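Colleague: Structure file structure-v3.txt (compact mmCIF, C-alpha atoms and all ligand atoms) right here:
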```txt
# COMPACT_ATOMS: atom_id res chain seq x y z
CA MET A 1 0.00 0.00 0.00
CA SER A 2 1.40 3.39 -0.84
CA TYR A 3 0.77 6.68 0.95
CA ASN A 4 2.87 9.55 2.21
CA ASN A 5 0.94 11.07 5.08
CA ILE A 6 0.33 10.15 8.67
CA GLU A 7 -3.43 10.77 8.45
CA THR A 8 -3.57 7.83 6.06
CA ALA A 9 -1.15 5.72 8.09
CA LEU A 10 -3.39 6.12 11.15
CA ILE A 11 -6.10 4.26 9.26
CA HIS A 12 -4.18 1.93 6.94
CA GLY A 13 -0.86 1.48 8.75
CA GLY A 14 0.58 -1.69 10.24
CA ILE A 15 -1.64 -4.69 9.62
CA SER A 16 -4.98 -3.06 8.90
CA THR A 17 -7.10 -5.81 7.38
CA ASP A 18 -7.67 -9.53 7.83
CA GLU A 19 -5.83 -11.46 5.12
CA ARG A 20 -7.97 -14.59 5.39
CA THR A 21 -11.46 -13.10 5.30
CA GLY A 22 -10.94 -9.60 3.90
CA ALA A 23 -12.55 -8.07 7.00
CA VAL A 24 -11.73 -4.36 6.95
CA ASN A 25 -10.91 -4.46 10.64
CA VAL A 26 -8.50 -6.88 12.27
CA PRO A 27 -10.72 -9.23 14.28
CA ILE A 28 -10.41 -9.68 18.03
CA TYR A 29 -8.54 -12.98 18.30
CA GLN A 30 -9.89 -13.81 21.74
CA THR A 31 -7.79 -16.91 22.24
CA SER A 32 -5.06 -17.85 24.67
CA THR A 33 -3.45 -20.55 22.57
CA PHE A 34 -3.06 -21.80 18.98
CA LYS A 35 -3.19 -25.27 17.43
CA GLN A 36 0.14 -26.68 16.34
CA ASP A 37 0.11 -28.93 13.26
CA GLY A 38 2.76 -31.22 14.71
CA LEU A 39 5.72 -30.99 17.01
CA GLY A 40 7.52 -27.75 16.22
CA LYS A 41 4.99 -26.99 13.46
CA MET A 42 3.38 -23.70 14.44
CA ARG A 43 1.48 -21.34 12.18
CA GLY A 44 3.26 -18.26 13.54
CA TYR A 45 1.55 -18.15 16.92
CA GLU A 46 1.79 -20.41 19.93
CA TYR A 47 0.46 -18.63 23.02
CA SER A 48 -1.10 -15.16 23.37
CA ARG A 49 1.42 -13.84 25.90
CA THR A 50 4.11 -14.43 23.30
CA GLY A 51 2.07 -13.18 20.35
CA ASN A 52 -1.53 -12.54 19.37
CA PRO A 53 -2.71 -11.40 15.92
CA THR A 54 -4.82 -8.49 17.22
CA ARG A 55 -2.02 -7.24 19.45
CA GLU A 56 0.44 -7.76 16.61
CA ALA A 57 -1.65 -5.53 14.32
CA LEU A 58 -1.51 -2.75 16.92
CA GLU A 59 2.22 -3.28 17.45
CA ALA A 60 2.89 -3.02 13.72
CA LEU A 61 0.75 0.12 13.54
CA ILE A 62 2.50 2.01 16.35
CA ALA A 63 5.94 0.98 14.99
CA GLU A 64 5.02 2.47 11.62
CA LEU A 65 3.55 5.66 13.12
CA GLU A 66 6.62 6.31 15.27
CA GLY A 67 9.03 5.30 12.51
CA GLY A 68 10.62 2.55 14.61
CA TYR A 69 11.78 -1.00 13.94
CA ALA A 70 9.17 -2.70 16.15
CA GLY A 71 6.33 -1.94 18.54
CA PHE A 72 5.15 -3.65 21.71
CA ALA A 73 1.79 -3.39 23.47
CA PHE A 74 1.47 -3.62 27.23
CA ALA A 75 -1.32 -3.65 29.79
CA SER A 76 -0.56 -0.03 30.81
CA GLY A 77 1.90 2.77 30.20
CA LEU A 78 3.70 1.82 33.39
CA ALA A 79 3.95 -1.82 32.26
CA ALA A 80 5.60 -0.54 29.05
CA GLU A 81 8.01 1.60 31.08
CA THR A 82 8.74 -1.34 33.41
CA ALA A 83 9.71 -3.49 30.42
CA VAL A 84 11.90 -0.74 28.95
CA LEU A 85 13.64 0.00 32.27
CA SER A 86 14.26 -3.74 32.63
CA LEU A 87 16.93 -3.27 29.95
CA LEU A 88 19.05 -1.76 32.75
CA ASN A 89 21.28 -3.71 35.11
CA THR A 90 21.98 -3.49 38.83
CA GLY A 91 24.14 -0.46 39.53
CA ASP A 92 22.92 1.47 36.50
CA ARG A 93 21.40 4.92 36.77
CA VAL A 94 18.83 6.74 34.63
CA LEU A 95 18.48 10.51 34.33
CA ILE A 96 14.88 11.73 34.26
CA SER A 97 13.31 15.04 33.23
CA SER A 98 12.48 17.20 36.22
CA ASN A 99 8.72 16.86 36.03
CA VAL A 100 7.94 13.40 34.76
CA TYR A 101 4.62 11.68 35.38
CA GLY A 102 4.25 10.84 39.09
CA GLY A 103 3.87 7.11 38.43
CA THR A 104 7.13 7.06 36.47
CA PHE A 105 8.86 8.69 39.41
CA ARG A 106 7.31 6.19 41.84
CA LEU A 107 8.34 3.24 39.66
CA LEU A 108 11.97 4.33 39.82
CA ASP A 109 11.90 5.66 43.38
CA GLN A 110 10.13 2.75 45.02
CA VAL A 111 10.46 -0.30 42.76
CA PHE A 112 13.59 -0.20 40.59
CA ASN A 113 15.48 1.29 43.54
CA HIS A 114 15.10 -2.09 45.26
CA PHE A 115 17.17 -3.64 42.48
CA ASN A 116 19.81 -0.93 42.82
CA ILE A 117 18.74 0.68 39.56
CA ASN A 118 18.89 4.35 40.42
CA TYR A 119 17.71 7.67 39.07
CA THR A 120 18.73 11.30 39.17
CA ILE A 121 16.34 14.12 38.40
CA SER A 122 18.06 16.17 35.72
CA ASP A 123 17.15 19.49 34.18
CA THR A 124 16.82 18.22 30.61
CA GLU A 125 15.56 21.68 29.61
CA ASP A 126 19.19 22.76 29.92
CA PRO A 127 21.49 20.51 27.83
CA ALA A 128 24.66 21.72 29.59
CA ALA A 129 23.20 20.95 33.03
CA PHE A 130 22.09 17.57 31.73
CA GLU A 131 25.60 16.75 30.51
CA ARG A 132 27.06 17.61 33.92
CA ASP A 133 24.73 15.03 35.50
CA ILE A 134 26.17 12.15 33.42
CA THR A 135 28.23 10.07 35.84
CA PRO A 136 29.86 6.76 34.78
CA ASP A 137 26.90 4.72 36.08
CA VAL A 138 24.36 6.64 33.96
CA LYS A 139 23.11 4.38 31.16
CA ALA A 140 19.89 6.01 30.02
CA VAL A 141 17.85 9.19 29.94
CA LEU A 142 14.06 9.31 30.16
CA ILE A 143 12.57 12.48 28.70
CA GLU A 144 9.04 13.82 28.71
CA SER A 145 8.39 16.76 26.41
CA PRO A 146 6.11 18.46 27.21
CA ALA A 147 6.76 17.29 30.77
CA ASN A 148 3.88 16.88 33.08
CA PRO A 149 2.41 19.04 34.67
CA LEU A 150 4.32 22.27 33.92
CA MET A 151 4.56 21.53 30.16
CA THR A 152 8.30 22.16 30.18
CA ILE A 153 9.99 21.48 26.86
CA THR A 154 13.18 19.50 26.35
CA ASP A 155 15.18 19.86 23.14
CA ILE A 156 15.04 16.14 22.28
CA ARG A 157 17.60 16.41 19.47
CA ALA A 158 20.14 18.25 21.66
CA ILE A 159 19.74 15.85 24.58
CA ALA A 160 19.90 12.79 22.31
CA GLU A 161 23.17 14.03 20.78
CA ILE A 162 24.81 14.52 24.16
CA ALA A 163 23.41 11.25 25.48
CA HIS A 164 24.70 9.26 22.53
CA LYS A 165 28.15 10.81 22.90
CA HIS A 166 28.17 9.19 26.35
CA GLY A 167 26.65 5.89 25.16
CA LEU A 168 23.27 6.37 26.85
CA LEU A 169 19.98 4.94 25.74
CA VAL A 170 17.49 7.72 24.92
CA ILE A 171 13.92 7.01 26.00
CA VAL A 172 11.12 9.49 25.29
CA ASP A 173 7.66 9.33 26.83
CA ASN A 174 5.59 10.66 23.91
CA THR A 175 2.19 10.34 25.63
CA PHE A 176 1.38 14.05 25.53
CA MET A 177 2.18 14.51 21.84
CA THR A 178 1.60 11.17 20.08
CA PRO A 179 3.29 10.48 16.72
CA TYR A 180 0.73 12.74 15.06
CA LEU A 181 2.39 15.78 16.67
CA GLN A 182 5.95 14.64 17.45
CA ARG A 183 8.16 11.73 16.33
CA PRO A 184 11.01 11.31 18.84
CA ILE A 185 12.85 8.59 16.87
CA GLU A 186 13.37 11.09 14.03
CA LEU A 187 14.80 13.45 16.67
CA GLY A 188 17.30 10.84 17.92
CA ALA A 189 15.42 8.73 20.47
CA ASP A 190 16.16 4.99 20.72
CA ILE A 191 12.89 4.09 22.42
CA VAL A 192 9.48 5.77 22.60
CA VAL A 193 7.00 4.85 25.31
CA HIS A 194 3.34 5.75 25.57
CA SER A 195 0.53 5.66 27.97
CA ALA A 196 -1.89 4.75 25.17
CA THR A 197 -4.60 5.20 27.80
CA LYS A 198 -4.51 8.86 26.83
CA TYR A 199 -4.73 10.32 23.28
CA LEU A 200 -4.05 7.12 21.33
CA GLY A 201 -7.04 5.39 22.93
CA GLY A 202 -8.73 8.76 23.14
CA HIS A 203 -12.05 7.81 24.72
CA SER A 204 -11.15 7.18 28.37
CA ASP A 205 -12.20 3.54 28.05
CA VAL A 206 -8.96 1.55 27.95
CA VAL A 207 -5.73 1.39 29.97
CA ALA A 208 -2.79 0.49 27.73
CA GLY A 209 0.89 1.09 27.10
CA LEU A 210 3.09 0.98 24.01
CA ALA A 211 6.81 0.94 23.37
CA VAL A 212 8.56 1.44 20.03
CA VAL A 213 12.23 0.69 19.50
CA LYS A 214 14.59 1.92 16.81
CA THR A 215 16.77 -1.15 16.26
CA LYS A 216 16.48 -4.88 15.71
CA GLU A 217 18.73 -5.52 18.69
CA LEU A 218 16.49 -3.53 21.05
CA ALA A 219 13.43 -5.22 19.52
CA GLU A 220 14.80 -8.66 20.35
CA ARG A 221 15.56 -7.66 23.92
CA ILE A 222 12.17 -6.01 24.53
CA ALA A 223 10.34 -8.97 22.93
CA PHE A 224 12.17 -11.26 25.33
CA ILE A 225 11.35 -9.06 28.34
CA GLN A 226 7.71 -8.67 27.24
CA ASN A 227 7.26 -12.42 26.99
CA SER A 228 9.21 -13.10 30.20
CA THR A 229 7.51 -10.52 32.42
CA GLY A 230 4.10 -10.91 30.78
CA GLY A 231 2.39 -7.51 31.09
CA VAL A 232 0.79 -7.79 27.66
CA LEU A 233 -2.25 -5.98 26.28
CA PRO A 234 -5.32 -8.23 25.80
CA PRO A 235 -6.84 -8.70 22.32
CA PHE A 236 -10.00 -6.68 23.02
CA ASP A 237 -8.03 -3.73 24.37
CA SER A 238 -5.69 -3.96 21.38
CA PHE A 239 -8.75 -3.69 19.12
CA LEU A 240 -10.00 -0.64 21.05
CA LEU A 241 -6.64 1.07 20.59
CA ILE A 242 -6.53 0.38 16.85
CA ARG A 243 -10.03 1.82 16.65
CA GLY A 244 -9.00 4.88 18.67
CA ILE A 245 -5.89 5.53 16.60
CA LYS A 246 -7.93 5.68 13.38
CA THR A 247 -9.45 8.99 14.51
CA LEU A 248 -6.34 10.37 16.24
CA GLY A 249 -5.73 12.96 13.52
CA VAL A 250 -9.19 14.48 13.47
CA ARG A 251 -9.47 14.33 17.24
CA LEU A 252 -6.13 16.02 17.83
CA ASP A 253 -6.83 18.74 15.25
CA ARG A 254 -9.90 19.74 17.25
CA HIS A 255 -8.21 19.16 20.65
CA VAL A 256 -5.34 21.46 19.73
CA GLU A 257 -7.60 24.15 18.24
CA ASN A 258 -9.59 24.14 21.49
CA ALA A 259 -6.46 24.10 23.67
CA GLN A 260 -4.98 27.06 21.85
CA LYS A 261 -8.20 29.05 22.42
CA ALA A 262 -8.36 27.99 26.08
CA ALA A 263 -4.72 28.98 26.68
CA GLU A 264 -5.32 32.39 25.11
CA TYR A 265 -8.49 32.88 27.16
CA LEU A 266 -6.67 31.99 30.41
CA THR A 267 -3.71 34.22 29.58
CA LYS A 268 -6.02 37.24 29.22
CA HIS A 269 -8.09 36.41 32.30
CA SER A 270 -7.67 38.79 35.25
CA ALA A 271 -8.06 35.91 37.77
CA VAL A 272 -5.17 33.91 36.33
CA LYS A 273 -1.63 34.16 37.72
CA SER A 274 0.24 31.93 35.27
CA VAL A 275 -0.39 29.73 32.24
CA HIS A 276 1.84 26.91 30.98
CA TYR A 277 1.21 25.95 27.37
CA PRO A 278 3.98 25.49 24.77
CA GLY A 279 1.64 26.68 22.01
CA LEU A 280 1.77 30.25 23.33
CA ALA A 281 4.46 32.40 21.71
CA THR A 282 5.21 33.82 25.17
CA ASP A 283 5.87 30.35 26.66
CA LYS A 284 9.48 29.61 27.51
CA GLY A 285 9.45 26.32 25.59
CA TYR A 286 7.69 27.74 22.51
CA GLU A 287 10.66 27.99 20.12
CA VAL A 288 12.16 24.58 20.89
CA ASN A 289 8.76 22.93 20.79
CA LYS A 290 7.99 24.52 17.43
CA ARG A 291 11.17 23.00 15.99
CA GLN A 292 10.38 19.47 17.13
CA ALA A 293 6.59 19.20 17.26
CA LYS A 294 3.72 20.12 14.95
CA ASN A 295 2.17 22.44 17.56
CA GLY A 296 1.77 22.99 21.30
CA GLY A 297 -0.37 19.93 21.94
CA VAL A 298 -3.39 19.88 24.18
CA MET A 299 -2.31 19.97 27.82
CA ILE A 300 -2.44 23.25 29.73
CA SER A 301 -1.71 24.04 33.34
CA PHE A 302 -2.41 27.28 35.14
CA GLU A 303 -2.64 28.95 38.52
CA LEU A 304 -5.36 31.23 39.81
CA LYS A 305 -4.44 34.33 41.78
CA ASP A 306 -4.30 34.03 45.56
CA ASN A 307 -7.75 35.49 46.12
CA TYR A 308 -9.38 32.51 44.39
CA ASP A 309 -10.18 29.30 46.27
CA ILE A 310 -9.19 26.36 44.04
CA LYS A 311 -11.26 23.91 46.09
CA VAL A 312 -14.36 25.91 45.22
CA PHE A 313 -13.15 26.18 41.60
CA PHE A 314 -12.89 22.38 41.23
CA GLU A 315 -16.25 21.81 42.93
CA SER A 316 -18.00 24.42 40.79
CA LEU A 317 -17.07 22.93 37.43
CA GLU A 318 -20.01 21.17 35.84
CA LEU A 319 -18.96 20.17 32.33
CA VAL A 320 -15.22 19.85 32.83
CA THR A 321 -14.80 16.71 34.94
CA LEU A 322 -12.46 16.42 37.91
CA ALA A 323 -10.58 13.18 37.28
CA GLU A 324 -7.15 11.65 36.88
CA SER A 325 -6.04 10.94 33.34
CA LEU A 326 -6.17 13.01 30.17
CA GLY A 327 -6.48 12.66 26.44
CA GLY A 328 -10.12 11.64 26.20
CA VAL A 329 -12.73 13.37 24.04
CA GLU A 330 -14.19 14.93 27.19
CA SER A 331 -12.50 17.78 29.04
CA LEU A 332 -10.86 16.73 32.30
CA VAL A 333 -9.26 18.77 35.03
CA CYS A 334 -6.95 17.68 37.82
CA HIS A 335 -4.97 18.95 40.78
CA PRO A 336 -1.45 17.57 40.22
CA SER A 337 -0.09 18.10 43.74
CA SER A 338 -2.81 15.95 45.35
CA MET A 339 -3.61 13.65 42.41
CA THR A 340 -1.29 12.69 39.53
CA HIS A 341 1.89 13.86 41.27
CA ALA A 342 1.03 13.04 44.90
CA SER A 343 3.59 10.21 44.92
CA ILE A 344 6.37 12.79 44.47
CA PRO A 345 7.55 13.99 47.91
CA GLU A 346 6.50 17.56 48.78
CA ASP A 347 10.04 18.98 48.86
CA ILE A 348 10.76 17.69 45.34
CA ARG A 349 7.37 18.96 44.11
CA LYS A 350 8.15 22.43 45.49
CA LYS A 351 11.62 22.37 43.97
CA VAL A 352 10.38 21.57 40.47
CA GLY A 353 7.51 24.05 40.72
CA ILE A 354 4.44 21.83 41.19
CA THR A 355 2.61 24.21 43.52
CA ASP A 356 -0.56 23.40 45.45
CA GLY A 357 -2.34 26.03 43.35
CA LEU A 358 -1.54 24.40 40.02
CA ILE A 359 -4.50 23.24 37.93
CA ARG A 360 -4.05 20.92 34.94
CA LEU A 361 -6.51 20.92 32.07
CA SER A 362 -6.98 18.27 29.41
CA ILE A 363 -9.10 20.08 26.86
CA GLY A 364 -11.62 17.84 25.11
CA ILE A 365 -13.29 18.14 21.74
CA GLU A 366 -16.57 19.61 22.96
CA ASN A 367 -17.53 23.05 21.63
CA ILE A 368 -14.89 25.36 23.09
CA ASP A 369 -17.47 28.02 23.99
CA ASP A 370 -19.17 25.55 26.33
CA ILE A 371 -15.87 24.56 27.94
CA LEU A 372 -14.83 28.17 28.49
CA ALA A 373 -18.26 29.18 29.83
CA ASP A 374 -17.94 26.39 32.42
CA ILE A 375 -14.46 27.52 33.45
CA GLU A 376 -15.67 31.13 33.59
CA GLN A 377 -18.54 30.41 35.95
CA ALA A 378 -16.30 28.26 38.19
CA ILE A 379 -13.70 31.03 38.41
CA ALA A 380 -16.41 33.54 39.29
CA LYS A 381 -17.75 31.32 42.09
CA SER A 382 -14.28 30.69 43.51
CA GLU A 383 -13.39 34.34 44.07
CA VAL A 384 -12.91 35.07 47.78
CA LYS A 385 -14.60 38.38 48.42
C1 LIG B 401 -0.64 8.25 32.37
C2 LIG B 401 0.79 8.40 32.05
C3 LIG B 401 1.70 7.35 32.24
C4 LIG B 401 1.28 6.02 32.85
O1 LIG B 401 0.47 5.31 32.00
P1 LIG B 401 -0.67 4.27 32.50
O2 LIG B 401 -1.31 3.86 31.24
O3 LIG B 401 -1.56 5.04 33.44
O4 LIG B 401 0.06 3.18 33.21
C5 LIG B 401 3.01 7.55 31.86
N1 LIG B 401 3.41 8.71 31.33
C6 LIG B 401 2.57 9.76 31.15
C7 LIG B 401 3.08 11.02 30.56
C8 LIG B 401 1.24 9.64 31.51
O5 LIG B 401 0.41 10.68 31.33
```
Render the structure in this file as structure tokens.
Ligand SMILES: *Cc1c(COP(=O)(O)O)cnc(C)c1O

Modeller:
Amino acid sequence: MSYNNIETALIHGGISTDERTGAVNVPIYQTSTFKQDGLGKMRGYEYSRTGNPTREALEALIAELEGGYAGFAFASGLAAETAVLSLLNTGDRVLISSNVYGGTFRLLDQVFNHFNINYTISDTEDPAAFERDITPDVKAVLIESPANPLMTITDIRAIAEIAHKHGLLVIVDNTFMTPYLQRPIELGADIVVHSATKYLGGHSDVVAGLAVVKTKELAERIAFIQNSTGGVLPPFDSFLLIRGIKTLGVRLDRHVENAQKAAEYLTKHSAVKSVHYPGLATDKGYEVNKRQAKNGGVMISFELKDNYDIKVFFESLELVTLAESLGGVESLVCHPSSMTHASIPEDIRKKVGITDGLIRLSIGIENIDDILADIEQAIAKSEVK
């Protein structure tokens, strides 16, 4: 099949039809095992932890979209990260962007630490500072750009160049951008991970993770780890993700249009103290982000001025739902310091700038006027007079 654009790849990429029947969607192969025609005579599949045709279709699709050698589907974003971090050995250290997802921090801080696989929080926004943090035990860097929840931008190309000079593996969590807006492998990454729970799934109805690797060697190692540790994505969930990815382009076009309007509205609002959104020309990450991504993405965080009560703000929202997660068609709002980033100790949160007043918005694809009217009435109610 020949095409040149990602909008088409989203729909026809990977393995997009069923060879045997001509079904235009890959069926849900809800089976744990596969008949063997004789000893050692398998038809390409043996057991669904090792490989399943529905999961394989998704894995081929994400590999194509990210421009990698192979893709792997896991039961959650953290299961994908666990498999990728399992490439490291005892005594190794990984540098992480200063505001990574709270669960990523917890995984390193409270699980991998037990195996003497260590981490250092590094200011990947500043390539020179990052290079100074590379000690002999550092074997990998894990970047989020935009990083959650302050939407800080890392120059992926610059960090990858420095990292490779020192022999490090470059891992990028591309959850917030997706391959529709940013392709880290083209910028120098070795591995891309996703919480596909978010934009790729897109409908807040599936928890899933994906990893894409650049080389055959990494693919063999991750395939081995995936099969050995077993956190694979079930066939039905794989089907839901393939279905979600088909509309990723049209969804994100609307998401981003709405987010841009919401960021501009918040910036002009007299009740708002600060806005973090890399799609604003005034944002500190704007220029770097513009070089490496299609636009500023969807996620926004902001703070209200001190004479607004954020508890009342959250409770007054009617349309915008207070919930963990992001990336669904519906607008969600969260309070990072008590929700998504609560597993990061308070002193570290303060140091990286995750204040108790910070509000994170995942703008949905509803009519933007309705979303903004809801935010407006909640701000008005939360003013302390
Ligand atoms: C949600 C999220 C994760 C974790 O993914 P799960 O699917 O919840 O396990 C990792 N990274 C980022 C940026 C996320 O938003």

Colleague: For ligand LIG 401 (chain B), list the contacting residues at 10 Å or closer, counting all atoms listed in the file, as a PyMOL selection string.

Modeller: chain A and resi 74-82+99-105+143-149+172-177+193-199+206-210+324-327+340

Colleague: Which one is closest to Lys246 (chain A): A:Cys334, A:Ile379, A:Ile371, A:Leu58? Count all atoms listed in the file.

Modeller: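 For Lys246 (chain A), the nearest of the given residues is A:Leu58.
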
Colleague: So that I can check the surroundings of Asn25 (chain A), please list as a JSON list (two decimals) with C-alpha atoms, in the frame of the given file every protein, DNA and RNA residue that reaches within 8 Å of it, counting only C-alpha atoms and ignoring chain neighbours fewer than 4 positions away.

Modeller:
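Saved to result13.json:
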```json
[["chain", "number", "residue", "atom", "x", "y", "z"],
["A", 16, "SER", "CA", -4.98, -3.06, 8.90],
["A", 17, "THR", "CA", -7.10, -5.81, 7.38],
["A", 18, "ASP", "CA", -7.67, -9.53, 7.83]]
```

Colleague: Using all atoms listed in the file, pick whichever of A:Pro136, A:Gly188, A:Gly202, A:Pro127 has the shortest atom-to-atom distance to Val250 (chain A).

Modeller: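 Going through A:Pro136, A:Gly188, A:Gly202, A:Pro127 one by one, the smallest distance to Val250 (chain A) is for A:Gly202.
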
Colleague: Within 10 Å of Ala342 (chain A), counting only C-alpha atoms, which residues show up once you throw out same-chain ones fewer than 4 positions away? Write them as a PyMOL selection string, please.

Modeller: chain A and resi 102-103+106+335-338+346+349

Colleague: Quick one: residues within 10 Å of Glu46 (chain A), only C-alpha atoms counted, chain neighbours fewer than 6 positions away excluded, as a PDB file with C-alpha atoms, in the frame of the given file?

Modeller:
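Here's the written file around_30.pdb:
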```
ATOM      1  CA  SER A  32      -5.060 -17.850  24.670  1.00  0.00           C
ATOM      2  CA  THR A  33      -3.450 -20.550  22.570  1.00  0.00           C
ATOM      3  CA  PHE A  34      -3.060 -21.800  18.980  1.00  0.00           C
ATOM      4  CA  LYS A  35      -3.190 -25.270  17.430  1.00  0.00           C
ATOM      5  CA  GLN A  36       0.140 -26.680  16.340  1.00  0.00           C
ATOM      6  CA  ASN A  52      -1.530 -12.540  19.370  1.00  0.00           C
TER       7      ASN A  52
END
```

Colleague: So that I can see what lies close to Ile11 (chain A), please list as a list of chain:residue names the residues with an atom at most 9 Å from it, counting all atoms listed in the file and leaving out residues fewer than 5 positions away in the same chain.

Modeller: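 Skipping anything fewer than 5 positions along the chain leaves A:Ile6, A:Ser16, A:Ile242, A:Arg243, A:Ile245, A:Lys246, A:Thr247.
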
Colleague: CA of Lys381 (chain A) and CA of Phe313 (chain A) are how many Å apart?

Modeller: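 Going from CA of Lys381 (chain A) over to CA of Phe313 (chain A), I get 6.9 Å.
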
Colleague: From the set A:Val84, A:Leu142, A:Ala60, A:Val384, which residue has the shortest atom-to-atom contact distance to Asn307 (chain A), counting all atoms listed in the file?

Modeller: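 Closest residue, counting all atoms listed in the file: A:Val384.
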
Colleague: Find the distance between CA of Phe236 (chain A) and CA of Leu252 (chain A) and write it in Å to one decimal.

Modeller: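 Between CA of Phe236 (chain A) and CA of Leu252 (chain A) the gap works out to 23.6 Å.
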
Colleague: Have a look at A:Ser274, A:Ser97, A:Asn227, A:Ser301 and name the one nearest to Ser48 (chain A); count all atoms listed in the file.

Modeller: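 Result for the nearest residue to Ser48 (chain A): A:Asn227.
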
Colleague: Kindly give the distance, in Å, that separates CA of Asn116 (chain A) and CA of Pro184 (chain A), rounded to a single decimal.

Modeller: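 Separation between CA of Asn116 (chain A) and CA of Pro184 (chain A): 28.3 Å.
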
Colleague: Give me the residues near Glu264 (chain A) as a PDB file with C-alpha atoms, keeping the file's coordinate frame, where near means some atom within 12 Å (using all atoms listed in the file) and where sequence neighbours in that chain fewer than 2 positions away do not count.

Modeller:
```
ATOM      1  CA  GLU A 257      -7.600  24.150  18.240  1.00  0.00           C
ATOM      2  CA  ASN A 258      -9.590  24.140  21.490  1.00  0.00           C
ATOM      3  CA  ALA A 259      -6.460  24.100  23.670  1.00  0.00           C
ATOM      4  CA  GLN A 260      -4.980  27.060  21.850  1.00  0.00           C
ATOM      5  CA  LYS A 261      -8.200  29.050  22.420  1.00  0.00           C
ATOM      6  CA  ALA A 262      -8.360  27.990  26.080  1.00  0.00           C
ATOM      7  CA  LEU A 266      -6.670  31.990  30.410  1.00  0.00           C
ATOM      8  CA  THR A 267      -3.710  34.220  29.580  1.00  0.00           C
ATOM      9  CA  LYS A 268      -6.020  37.240  29.220  1.00  0.00           C
ATOM     10  CA  HIS A 269      -8.090  36.410  32.300  1.00  0.00           C
ATOM     11  CA  VAL A 272      -5.170  33.910  36.330  1.00  0.00           C
ATOM     12  CA  SER A 274       0.240  31.930  35.270  1.00  0.00           C
ATOM     13  CA  VAL A 275      -0.390  29.730  32.240  1.00  0.00           C
ATOM     14  CA  HIS A 276       1.840  26.910  30.980  1.00  0.00           C
ATOM     15  CA  TYR A 277       1.210  25.950  27.370  1.00  0.00           C
ATOM     16  CA  PRO A 278       3.980  25.490  24.770  1.00  0.00           C
ATOM     17  CA  GLY A 279       1.640  26.680  22.010  1.00  0.00           C
ATOM     18  CA  LEU A 280       1.770  30.250  23.330  1.00  0.00           C
ATOM     19  CA  ALA A 281       4.460  32.400  21.710  1.00  0.00           C
ATOM     20  CA  THR A 282       5.210  33.820  25.170  1.00  0.00           C
ATOM     21  CA  ASP A 283       5.870  30.350  26.660  1.00  0.00           C
ATOM     22  CA  ILE A 300      -2.440  23.250  29.730  1.00  0.00           C
ATOM     23  CA  PHE A 302      -2.410  27.280  35.140  1.00  0.00           C
ATOM     24  CA  LEU A 372     -14.830  28.170  28.490  1.00  0.00           C
TER      25      LEU A 372
END
```

Colleague: Pick the closest to Ala323 (chain A) from A:Lys351, A:Lys214, A:Arg360, A:Arg183: which is it, counting all atoms listed in the file?

Modeller: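 Checking each of A:Lys351, A:Lys214, A:Arg360, A:Arg183 against Ala323 (chain A), counting all atoms listed in the file, the winner is A:Arg360.
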
Colleague: Counting all atoms listed in the file, which residues sit no farther than 12 Å from the position (-20.5, 14.8, 24.8) in the file's frame? I'd like them as a list in words.

Modeller: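 Applying the cut-off with all atoms listed in the file, one gets His203, Leu319, Val320, Thr321, Gly328, Val329, Glu330, Ser331, Gly364, Ile365, Glu366, Asn367, Asp370 and Ile371 of chain A.
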
Colleague: Within 10 Å of (20.1, 1.9, 39.8) (coordinates as in the file), grab all the protein and nucleic acid residues, counting only C-alpha atoms, and write them out as a ChimeraX atom specification.

Modeller: /A:88-94,108-109,112-120,137-139

Colleague: With C-alpha atoms retained, could you export that selection as a short mmCIF file (atom, residue, chain, number, x, y, z; two decimals), in the frame of the given file?

Modeller:
```cif
data_model
loop_
_atom_site.label_atom_id
_atom_site.label_comp_id
_atom_site.auth_asym_id
_atom_site.auth_seq_id
_atom_site.Cartn_x
_atom_site.Cartn_y
_atom_site.Cartn_z
CA LEU A 88 19.05 -1.76 32.75
CA ASN A 89 21.28 -3.71 35.11
CA THR A 90 21.98 -3.49 38.83
CA GLY A 91 24.14 -0.46 39.53
CA ASP A 92 22.92 1.47 36.50
CA ARG A 93 21.40 4.92 36.77
CA VAL A 94 18.83 6.74 34.63
CA LEU A 108 11.97 4.33 39.82
CA ASP A 109 11.90 5.66 43.38
CA PHE A 112 13.59 -0.20 40.59
CA ASN A 113 15.48 1.29 43.54
CA HIS A 114 15.10 -2.09 45.26
CA PHE A 115 17.17 -3.64 42.48
CA ASN A 116 19.81 -0.93 42.82
CA ILE A 117 18.74 0.68 39.56
CA ASN A 118 18.89 4.35 40.42
CA TYR A 119 17.71 7.67 39.07
CA THR A 120 18.73 11.30 39.17
CA ASP A 137 26.90 4.72 36.08
CA VAL A 138 24.36 6.64 33.96
CA LYS A 139 23.11 4.38 31.16
#
```

Colleague: From the block I gave, I'd like region 262-274 of chain A written with C-alpha atoms, as a compact mmCIF listing (two decimals), in the first residue's frame.

Modeller:
```txt
# COMPACT_ATOMS: atom_id res chain seq x y z
CA ALA A 262 -8.36 27.99 26.08
CA ALA A 263 -4.72 28.98 26.68
CA GLU A 264 -5.32 32.39 25.11
CA TYR A 265 -8.49 32.88 27.16
CA LEU A 266 -6.67 31.99 30.41
CA THR A 267 -3.71 34.22 29.58
CA LYS A 268 -6.02 37.24 29.22
CA HIS A 269 -8.09 36.41 32.30
CA SER A 270 -7.67 38.79 35.25
CA ALA A 271 -8.06 35.91 37.77
CA VAL A 272 -5.17 33.91 36.33
CA LYS A 273 -1.63 34.16 37.72
CA SER A 274 0.24 31.93 35.27
```
